[in-house]
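Enquirer: Here it is, the structure in full.
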Number of protein chains: 2
Amino acid sequence: MRVLVTGAAGMIGRKLVARLARDGALNGRRLAALDLHDIVSADAPAINGATVSTHIGDLAAPGEADRLVAAKPDMVFHLAGVVSAEAEADFDKGYRVNLDGTRALFDAIRAAGHAPRVVFSSSIAVFGAPFPDTIPDDFHPTPLTSYGTQKLIGEALLADYSRRGFLDGIGLRLPTICVRPGKPNKAASSFFSAIIRDPLAGRQTMLPVPRSVLHTHASPRAAVGFLLHAAGLAGEAVGPRRNLTMPGVACTVGEQIEALERIAGSKAVGLIREQHDEAVWAIVRNWPTRFMAERARALGFEAEESFDEIVTAHIEDEFGEAS
Amino acid sequence: MRVLVTGAAGMIGRKLVARLARDGALNGRRLAALDLHDIVSADAPAINGATVSTHIGDLAAPGEADRLVAAKPDMVFHLAGVVSAEAEADFDKGYRVNLDGTRALFDAIRAAGHAPRVVFSSSIAVFGAPFPDTIPDDFHPTPLTSYGTQKLIGEALLADYSRRGFLDGIGLRLPTICVRPGKPNKAASSFFSAIIRDPLAGRQTMLPVPRSVLHTHASPRAAVGFLLHAAGLAGEAVGPRRNLTMPGVACTVGEQIEALERIAGSKAVGLIREQHDEAVWAIVRNWPTRFMAERARALGFEAEESFDEIVTAHIEDEFGEAS
């Protein structure tokens with residue numbers, strides 16, 4: 001089968017591609033071709049018996065999406081997008097990439113006419129405060145960022161294009177992905193990963209919010225699992241509501257730190273310095289806390305059951321042989 | 001003040017313009033200029049002391065929206081749009097007019113830089129079955145038509161552009177407007193109005209669905225009232241959730257007919273022939289029934305309290321002197 005991954009150079013994209021390369025197959029079918037698209041060059045793994053091609057460009061540019069789907073991929077993972085902070089800082093770029101790019105891809109798929117499965121990475125950023133204690137699957141999305149707005153619009157297009165038979169889409173509202181490997185970034189959510197990643201690497205880190213902050217997390221490994229599970233789902237089982245809130249581990253920052261202590265000891269925890277940051281807190285206090293995710297669980301999506309598992313997954317995937 | 005109305009030749013547009021002409025003012029300020037836009041020529045009423053201009057064109061065409069807002073209207077009523085049946089029949093036209101046209105208008109307003117109040121007519125078509133008995137304000141929109149999808153995207157843009165300070169938007173999810181004057185149209189909802197309008201005019205009419213069908217209605221007069229009330233609302237009172245489900249009269253078709261009988265007698269009711277139409281029923285059975293509309297009521301939006309009032313409003317507005 002032929003698989004297209006947009007945003008293939010991003011963190012989730014790279015991990016998905018590594019997993020596809022390791023498996024050499026998807027949904028029980030051998031990978032014959034893998035197209036990797038991003039605005040920068042994505043690492044192309046060698047896959048036995050498969051042609052791996054990298055494509056660099058802007059999905060919203062005229063002709064780009066058409067060229068990309070001309071070979072009629074059987075499966076499209078649409079992960080490309082400008083992240084939250086950048087979409088907020090650059091209004092035009094966010095709409096061009098996240099809305100126009102997504103629409104151009106969907107229109108190109110419609111023009112290709114073969115209605116492949118499209119797995120779209122949406123986000124819990126489609127939700128905006130105030131929230132009930134636990135957010136049910138039928139809670140209304142009222143984003144408080146341009147990024148969340150663009151993801152919501154992508155979801156709406158995905159559902160309508162699916163209903164029309166132009167593609168067979170599944171949208172996944174990913175929780176915060178934790179522990180993100182690599183360097184800290186400027187996202188307000190950065191500390192959720194940093195307070196685990198940095199102490200494990202022997203580095204000091206800052207905690208800018210109270211330990212009582214409750215949030216929902218899934219590991220990068222779980223996120224890749226969501227994408228692969230979505231790739232194999234029967235569309236009829238999902239029905240017309242094509243966008244699903246993914247499960248995750250809901251825990252407080254305090255519970256994150258307790259998990260770190262159980263796994264890495266008190267010396268690691270000693271590297272966390274509490275230093276309140278009002279700017280970060282002002283953003284994080286309006287974030288969703290926990291989700292029902294009943295539909296996703298019923299459809300077989302699986303996340304970690306505890307934050308201990310998330311820490312362990314990070315250690316295995318980033319420090320172990322399997323990374 | 002300067003007021004722009006898009007979709008000014010439509011049913012609601014015409015009634016809004018007539019009301020503005022009668023009042024000669026909006027929000028307590030005298031009308032100095034009224035710009036009427038549509039793809040066909042809208043009737044331009046004479047307003048004492050005000051310049052009334054008509055503009056014919058496609059909002060999605062390059063430059064059109066910019067020309068329209070160049071004079072910096074203080075108030076924009078954005079009612080333009082391809083209706084449900086047409087947006088379903090012509091996918092490209094629906095997206096061009098309802099999505100691209102709306103976005104072009106909002107971008108033109110952003111470029112003008114004066115952040116006027118924008119009142120946007122959305123629709124209960126943003127909702128899709130299955131529903132709870134009464135739909136709460138925080139129920140998720142999962143449209144089952146391209147029209148509903150386009151309205152949902154318009155809502156999302158309106159909220160984000162408002163949050164950014166580019167405009168000061170209020171979106172109104174209108175219930176089914178009943179009694180629609182004029183000839184029957186091909187919309188699946190046409191019978192809701194026809195079973196009242198036609199017997200009142202001495203014409204026979206068909207009822208294609210069971211009398212038990214429950215639906216929510218507001219008169220054209222109430223719809224104009226919603227628009228004018230939205231024009232005067234303080235944005236801070238609405239908060240970041242800029243799209244409001246409007247109130248209305250929830251009643252069964254049987255109750256509609258009982259109201260008709262109370263007002264016009266059994267002879268009028270005798271003109272209704274029950275003739276089940278499976279195609280209409282297949283659409284209508286998936287429509288929302290009733291809404292909480294708690295936020296809208298708390299913000300002062302008022303609809304009729306009974307279907308009798310809706311029938312009376314129709315008789316007064318279409319057969320009386322005041323029309």
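How things are named: the first chain in the structure tokens is A, the next is B, and so on; residues count from 1 in each chain; ligands count from 1 in the order shown.
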Would you mind listing, for every residue of chain A within 7 Å of chain B, the two atoms forming the shortest contact and the distance between them in Å to one decimal, using only C-alpha atoms, sorted by chain and ascending residue number, as JSON lines?
Expert:
{"residue": "A:Asp138", "atom": "CA", "partner": "B:His140", "partner_atom": "CA", "distance": 5.1}
{"residue": "A:Phe139", "atom": "CA", "partner": "B:His140", "partner_atom": "CA", "distance": 5.2}
{"residue": "A:His140", "atom": "CA", "partner": "B:His140", "partner_atom": "CA", "distance": 3.8}
{"residue": "A:Pro141", "atom": "CA", "partner": "B:His140", "partner_atom": "CA", "distance": 6.6}
{"residue": "A:Thr142", "atom": "CA", "partner": "B:Arg241", "partner_atom": "CA", "distance": 6.6}
{"residue": "A:Ser146", "atom": "CA", "partner": "B:Asp160", "partner_atom": "CA", "distance": 6.2}
{"residue": "A:Thr149", "atom": "CA", "partner": "B:Ala156", "partner_atom": "CA", "distance": 6.0}
{"residue": "A:Ile153", "atom": "CA", "partner": "B:Ile153", "partner_atom": "CA", "distance": 5.7}
{"residue": "A:Ala156", "atom": "CA", "partner": "B:Thr149", "partner_atom": "CA", "distance": 6.0}
{"residue": "A:Asp160", "atom": "CA", "partner": "B:Ser146", "partner_atom": "CA", "distance": 6.2}
{"residue": "A:Arg241", "atom": "CA", "partner": "B:Thr142", "partner_atom": "CA", "distance": 6.6}
Enquirer: With N, CA and C atoms kept, could you save the residues just selected as a PDB file, in the first residue's frame?
Expert:
ATOM      1  N   ASP A 138     -19.849  14.924  23.974  1.00  0.00           N
ATOM      2  CA  ASP A 138     -20.756  15.818  23.239  1.00  0.00           C
ATOM      3  C   ASP A 138     -20.656  17.267  23.726  1.00  0.00           C
ATOM      4  N   PHE A 139     -19.514  17.624  24.351  1.00  0.00           N
ATOM      5  CA  PHE A 139     -19.307  19.014  24.796  1.00  0.00           C
ATOM      6  C   PHE A 139     -18.916  19.882  23.602  1.00  0.00           C
ATOM      7  N   HIS A 140     -19.422  21.121  23.585  1.00  0.00           N
ATOM      8  CA  HIS A 140     -19.174  21.977  22.420  1.00  0.00           C
ATOM      9  C   HIS A 140     -17.748  22.524  22.380  1.00  0.00           C
ATOM     10  N   PRO A 141     -17.169  22.515  21.205  1.00  0.00           N
ATOM     11  CA  PRO A 141     -15.837  23.105  21.048  1.00  0.00           C
ATOM     12  C   PRO A 141     -15.952  24.613  20.885  1.00  0.00           C
ATOM     13  N   THR A 142     -15.305  25.353  21.757  1.00  0.00           N
ATOM     14  CA  THR A 142     -15.299  26.825  21.681  1.00  0.00           C
ATOM     15  C   THR A 142     -13.863  27.286  21.888  1.00  0.00           C
ATOM     16  N   SER A 146      -6.358  30.788  17.862  1.00  0.00           N
ATOM     17  CA  SER A 146      -6.536  30.625  16.419  1.00  0.00           C
ATOM     18  C   SER A 146      -6.196  29.193  16.003  1.00  0.00           C
ATOM     19  N   THR A 149      -9.152  27.109  16.666  1.00  0.00           N
ATOM     20  CA  THR A 149     -10.171  27.431  15.663  1.00  0.00           C
ATOM     21  C   THR A 149      -9.873  26.723  14.350  1.00  0.00           C
ATOM     22  N   ILE A 153     -12.079  23.869  12.399  1.00  0.00           N
ATOM     23  CA  ILE A 153     -12.513  23.986  11.005  1.00  0.00           C
ATOM     24  C   ILE A 153     -12.046  22.764  10.208  1.00  0.00           C
ATOM     25  N   ALA A 156     -14.406  20.030  10.919  1.00  0.00           N
ATOM     26  CA  ALA A 156     -15.703  20.205  10.246  1.00  0.00           C
ATOM     27  C   ALA A 156     -15.593  19.818   8.774  1.00  0.00           C
ATOM     28  N   ASP A 160     -17.487  16.677   6.789  1.00  0.00           N
ATOM     29  CA  ASP A 160     -18.357  16.906   5.632  1.00  0.00           C
ATOM     30  C   ASP A 160     -17.819  16.206   4.378  1.00  0.00           C
ATOM     31  N   ARG A 241     -20.038  11.160  13.045  1.00  0.00           N
ATOM     32  CA  ARG A 241     -19.254  12.019  13.933  1.00  0.00           C
ATOM     33  C   ARG A 241     -17.807  11.558  13.892  1.00  0.00           C
TER      34      ARG A 241
END
Enquirer: Do you know which residues are at most 7 Å from region 57-59 of chain B counting only C-alpha atoms, after dropping those on the same chain fewer than 3 positions away, and could you put them as JSON, numbers by chain?
Expert: {"B": [38, 39, 64, 65, 101, 104, 105]}
Enquirer: Quick one: everything within 10 Å of Leu20 (chain A), counting only C-alpha atoms, minus sequence neighbours fewer than 5 positions away in the same chain. Send it as a list in words.
Expert: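 Everything that qualifies: Val3, Arg14, Lys15, Ala25, Leu26, Leu31, Leu34, Pro45, Ile47, Val224 and Leu228 of chain A.
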Enquirer: Give me every alpha helix (DSSP H) residue in region 129-215 of chain B, going by DSSP on the backbone, as a list in words.
Expert: Ser146, Tyr147, Gly148, Thr149, Gln150, Lys151, Leu152, Ile153, Gly154, Glu155, Ala156, Leu157, Leu158, Ala159, Asp160, Tyr161, Ser162, Arg163, Ser190, Phe191, Phe192, Ser193, Ala194, Ile195, Ile196, Arg197, Asp198, Pro199 and Leu200 of chain B
Enquirer: Can I get the selection written as a tab-separated table (two decimals), in the first residue's frame, with N, CA and C atoms?
Expert:
chain	number	residue	atom	x	y	z
B	146	SER	N	-23.69	20.12	4.19
B	146	SER	CA	-22.59	21.04	3.87
B	146	SER	C	-22.95	22.45	4.34
B	147	TYR	N	-24.22	22.81	4.22
B	147	TYR	CA	-24.70	24.11	4.71
B	147	TYR	C	-24.40	24.27	6.20
B	148	GLY	N	-24.77	23.27	6.99
B	148	GLY	CA	-24.51	23.32	8.43
B	148	GLY	C	-23.02	23.40	8.72
B	149	THR	N	-22.22	22.67	7.93
B	149	THR	CA	-20.76	22.71	8.09
B	149	THR	C	-20.24	24.12	7.82
B	150	GLN	N	-20.72	24.73	6.75
B	150	GLN	CA	-20.27	26.08	6.38
B	150	GLN	C	-20.69	27.10	7.43
B	151	LYS	N	-21.87	26.95	7.98
B	151	LYS	CA	-22.31	27.86	9.05
B	151	LYS	C	-21.44	27.67	10.29
B	152	LEU	N	-21.12	26.43	10.60
B	152	LEU	CA	-20.26	26.16	11.75
B	152	LEU	C	-18.88	26.80	11.58
B	153	ILE	N	-18.34	26.70	10.37
B	153	ILE	CA	-17.04	27.32	10.09
B	153	ILE	C	-17.15	28.84	10.20
B	154	GLY	N	-18.24	29.41	9.69
B	154	GLY	CA	-18.47	30.84	9.83
B	154	GLY	C	-18.50	31.26	11.30
B	155	GLU	N	-19.16	30.46	12.13
B	155	GLU	CA	-19.21	30.72	13.57
B	155	GLU	C	-17.81	30.72	14.18
B	156	ALA	N	-17.02	29.71	13.79
B	156	ALA	CA	-15.67	29.57	14.35
B	156	ALA	C	-14.81	30.78	13.96
B	157	LEU	N	-14.92	31.20	12.70
B	157	LEU	CA	-14.17	32.37	12.25
B	157	LEU	C	-14.65	33.62	13.00
B	158	LEU	N	-15.96	33.77	13.12
B	158	LEU	CA	-16.52	34.94	13.81
B	158	LEU	C	-15.97	35.05	15.23
B	159	ALA	N	-15.93	33.91	15.93
B	159	ALA	CA	-15.46	33.93	17.32
B	159	ALA	C	-13.97	34.27	17.38
B	160	ASP	N	-13.18	33.70	16.46
B	160	ASP	CA	-11.74	33.95	16.52
B	160	ASP	C	-11.41	35.38	16.09
B	161	TYR	N	-12.08	35.87	15.04
B	161	TYR	CA	-11.85	37.25	14.60
B	161	TYR	C	-12.30	38.23	15.68
B	162	SER	N	-13.32	37.87	16.45
B	162	SER	CA	-13.77	38.72	17.56
B	162	SER	C	-12.74	38.72	18.68
B	163	ARG	N	-12.25	37.52	19.02
B	163	ARG	CA	-11.25	37.37	20.07
B	163	ARG	C	-10.00	38.18	19.74
B	190	SER	N	-40.08	23.23	4.04
B	190	SER	CA	-41.09	24.11	3.43
B	190	SER	C	-42.49	23.90	4.02
B	191	PHE	N	-42.82	22.64	4.32
B	191	PHE	CA	-44.19	22.33	4.78
B	191	PHE	C	-44.52	22.99	6.11
B	192	PHE	N	-43.49	23.24	6.96
B	192	PHE	CA	-43.77	23.85	8.28
B	192	PHE	C	-44.50	25.18	8.10
B	193	SER	N	-44.08	25.94	7.08
B	193	SER	CA	-44.74	27.21	6.78
B	193	SER	C	-46.00	26.99	5.92
B	194	ALA	N	-45.90	26.09	4.96
B	194	ALA	CA	-46.99	25.91	3.99
B	194	ALA	C	-48.28	25.48	4.67
B	195	ILE	N	-48.19	24.65	5.71
B	195	ILE	CA	-49.42	24.16	6.34
B	195	ILE	C	-50.18	25.27	7.08
B	196	ILE	N	-49.52	26.41	7.28
B	196	ILE	CA	-50.20	27.56	7.86
B	196	ILE	C	-50.53	28.57	6.75
B	197	ARG	N	-49.52	28.91	5.95
B	197	ARG	CA	-49.65	29.96	4.95
B	197	ARG	C	-50.71	29.64	3.90
B	198	ASP	N	-50.67	28.40	3.37
B	198	ASP	CA	-51.58	28.07	2.27
B	198	ASP	C	-53.04	28.02	2.71
B	199	PRO	N	-53.38	27.32	3.80
B	199	PRO	CA	-54.79	27.34	4.23
B	199	PRO	C	-55.28	28.76	4.54
B	200	LEU	N	-54.43	29.60	5.12
B	200	LEU	CA	-54.86	30.98	5.42
B	200	LEU	C	-55.18	31.73	4.14
Enquirer: Neighbouring residues of Val238 (chain A) were defined as those with any atom within 10 Å, considering only C-alpha atoms; residues of the same chain fewer than 6 positions away were excluded. Please report them as a PyMOL selection string.
Expert: chain A and resi 169-170+230+244+295-296+299
Enquirer: Keeping all heavy atoms for every residue in the selection just given, could you write it to a file as a PDB file, in the first residue's frame?
Expert:
ATOM      1  N   GLY A 169     -12.525  10.018   6.498  1.00  0.00           N
ATOM      2  CA  GLY A 169     -11.689  10.666   7.507  1.00  0.00           C
ATOM      3  C   GLY A 169     -11.957  10.242   8.934  1.00  0.00           C
ATOM      4  O   GLY A 169     -13.089   9.898   9.285  1.00  0.00           O
ATOM      5  N   ILE A 170     -10.905  10.274   9.724  1.00  0.00           N
ATOM      6  CA  ILE A 170     -11.024  10.133  11.181  1.00  0.00           C
ATOM      7  C   ILE A 170     -10.170  11.247  11.789  1.00  0.00           C
ATOM      8  O   ILE A 170      -8.968  11.331  11.501  1.00  0.00           O
ATOM      9  CB  ILE A 170     -10.480   8.780  11.701  1.00  0.00           C
ATOM     10  CG1 ILE A 170     -11.039   7.589  10.919  1.00  0.00           C
ATOM     11  CG2 ILE A 170     -10.743   8.658  13.206  1.00  0.00           C
ATOM     12  CD1 ILE A 170     -12.374   7.091  11.376  1.00  0.00           C
ATOM     13  N   ALA A 230      -6.535   4.371  14.197  1.00  0.00           N
ATOM     14  CA  ALA A 230      -7.486   5.096  13.345  1.00  0.00           C
ATOM     15  C   ALA A 230      -7.366   4.640  11.888  1.00  0.00           C
ATOM     16  O   ALA A 230      -8.358   4.566  11.168  1.00  0.00           O
ATOM     17  CB  ALA A 230      -7.252   6.600  13.452  1.00  0.00           C
ATOM     18  N   LEU A 244     -12.904  12.439  17.129  1.00  0.00           N
ATOM     19  CA  LEU A 244     -12.943  11.725  18.406  1.00  0.00           C
ATOM     20  C   LEU A 244     -11.947  12.300  19.394  1.00  0.00           C
ATOM     21  O   LEU A 244     -10.777  12.530  19.059  1.00  0.00           O
ATOM     22  CB  LEU A 244     -12.583  10.251  18.159  1.00  0.00           C
ATOM     23  CG  LEU A 244     -13.498   9.493  17.193  1.00  0.00           C
ATOM     24  CD1 LEU A 244     -12.815   8.206  16.725  1.00  0.00           C
ATOM     25  CD2 LEU A 244     -14.825   9.178  17.868  1.00  0.00           C
ATOM     26  N   ARG A 295     -16.363   7.431  23.534  1.00  0.00           N
ATOM     27  CA  ARG A 295     -16.472   6.885  22.167  1.00  0.00           C
ATOM     28  C   ARG A 295     -15.141   6.298  21.727  1.00  0.00           C
ATOM     29  O   ARG A 295     -15.094   5.203  21.163  1.00  0.00           O
ATOM     30  CB  ARG A 295     -16.902   7.968  21.181  1.00  0.00           C
ATOM     31  CG  ARG A 295     -18.372   8.342  21.285  1.00  0.00           C
ATOM     32  CD  ARG A 295     -18.755   9.219  20.100  1.00  0.00           C
ATOM     33  NE  ARG A 295     -18.680   8.495  18.852  1.00  0.00           N
ATOM     34  CZ  ARG A 295     -18.347   9.033  17.682  1.00  0.00           C
ATOM     35  NH1 ARG A 295     -18.038  10.309  17.603  1.00  0.00           N
ATOM     36  NH2 ARG A 295     -18.309   8.294  16.591  1.00  0.00           N
ATOM     37  N   ALA A 296     -14.052   7.047  21.975  1.00  0.00           N
ATOM     38  CA  ALA A 296     -12.734   6.569  21.534  1.00  0.00           C
ATOM     39  C   ALA A 296     -12.385   5.248  22.222  1.00  0.00           C
ATOM     40  O   ALA A 296     -11.901   4.310  21.573  1.00  0.00           O
ATOM     41  CB  ALA A 296     -11.673   7.630  21.825  1.00  0.00           C
ATOM     42  N   LEU A 299     -14.233   2.450  20.758  1.00  0.00           N
ATOM     43  CA  LEU A 299     -13.728   2.107  19.420  1.00  0.00           C
ATOM     44  C   LEU A 299     -12.338   1.477  19.479  1.00  0.00           C
ATOM     45  O   LEU A 299     -11.734   1.187  18.442  1.00  0.00           O
ATOM     46  CB  LEU A 299     -13.700   3.359  18.529  1.00  0.00           C
ATOM     47  CG  LEU A 299     -15.067   3.847  18.030  1.00  0.00           C
ATOM     48  CD1 LEU A 299     -14.979   5.283  17.513  1.00  0.00           C
ATOM     49  CD2 LEU A 299     -15.599   2.920  16.928  1.00  0.00           C
TER      50      LEU A 299
END
Enquirer: Can you pull out the residues contacting Ala231 (chain B)? Cut-off 7 Å, using only C-alpha atoms, and skip same-chain residues under 3 positions away; I want them as a PDB file with C-alpha atoms, in the first residue's frame.
Expert:
ATOM      1  CA  ARG B 117     -20.272  44.864  15.301  1.00  0.00           C
ATOM      2  CA  VAL B 119     -24.252  40.116  13.309  1.00  0.00           C
ATOM      3  CA  LEU B 227     -30.814  40.678  14.622  1.00  0.00           C
ATOM      4  CA  LEU B 228     -31.629  44.104  16.042  1.00  0.00           C
TER       5      LEU B 228
END
Enquirer: In Å, how far is it from CA of Arg96 (chain A) to CA of Ala188 (chain A)?
Expert: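 CA of Ala188 (chain A) lies at a distance of 22.9 Å from CA of Arg96 (chain A).
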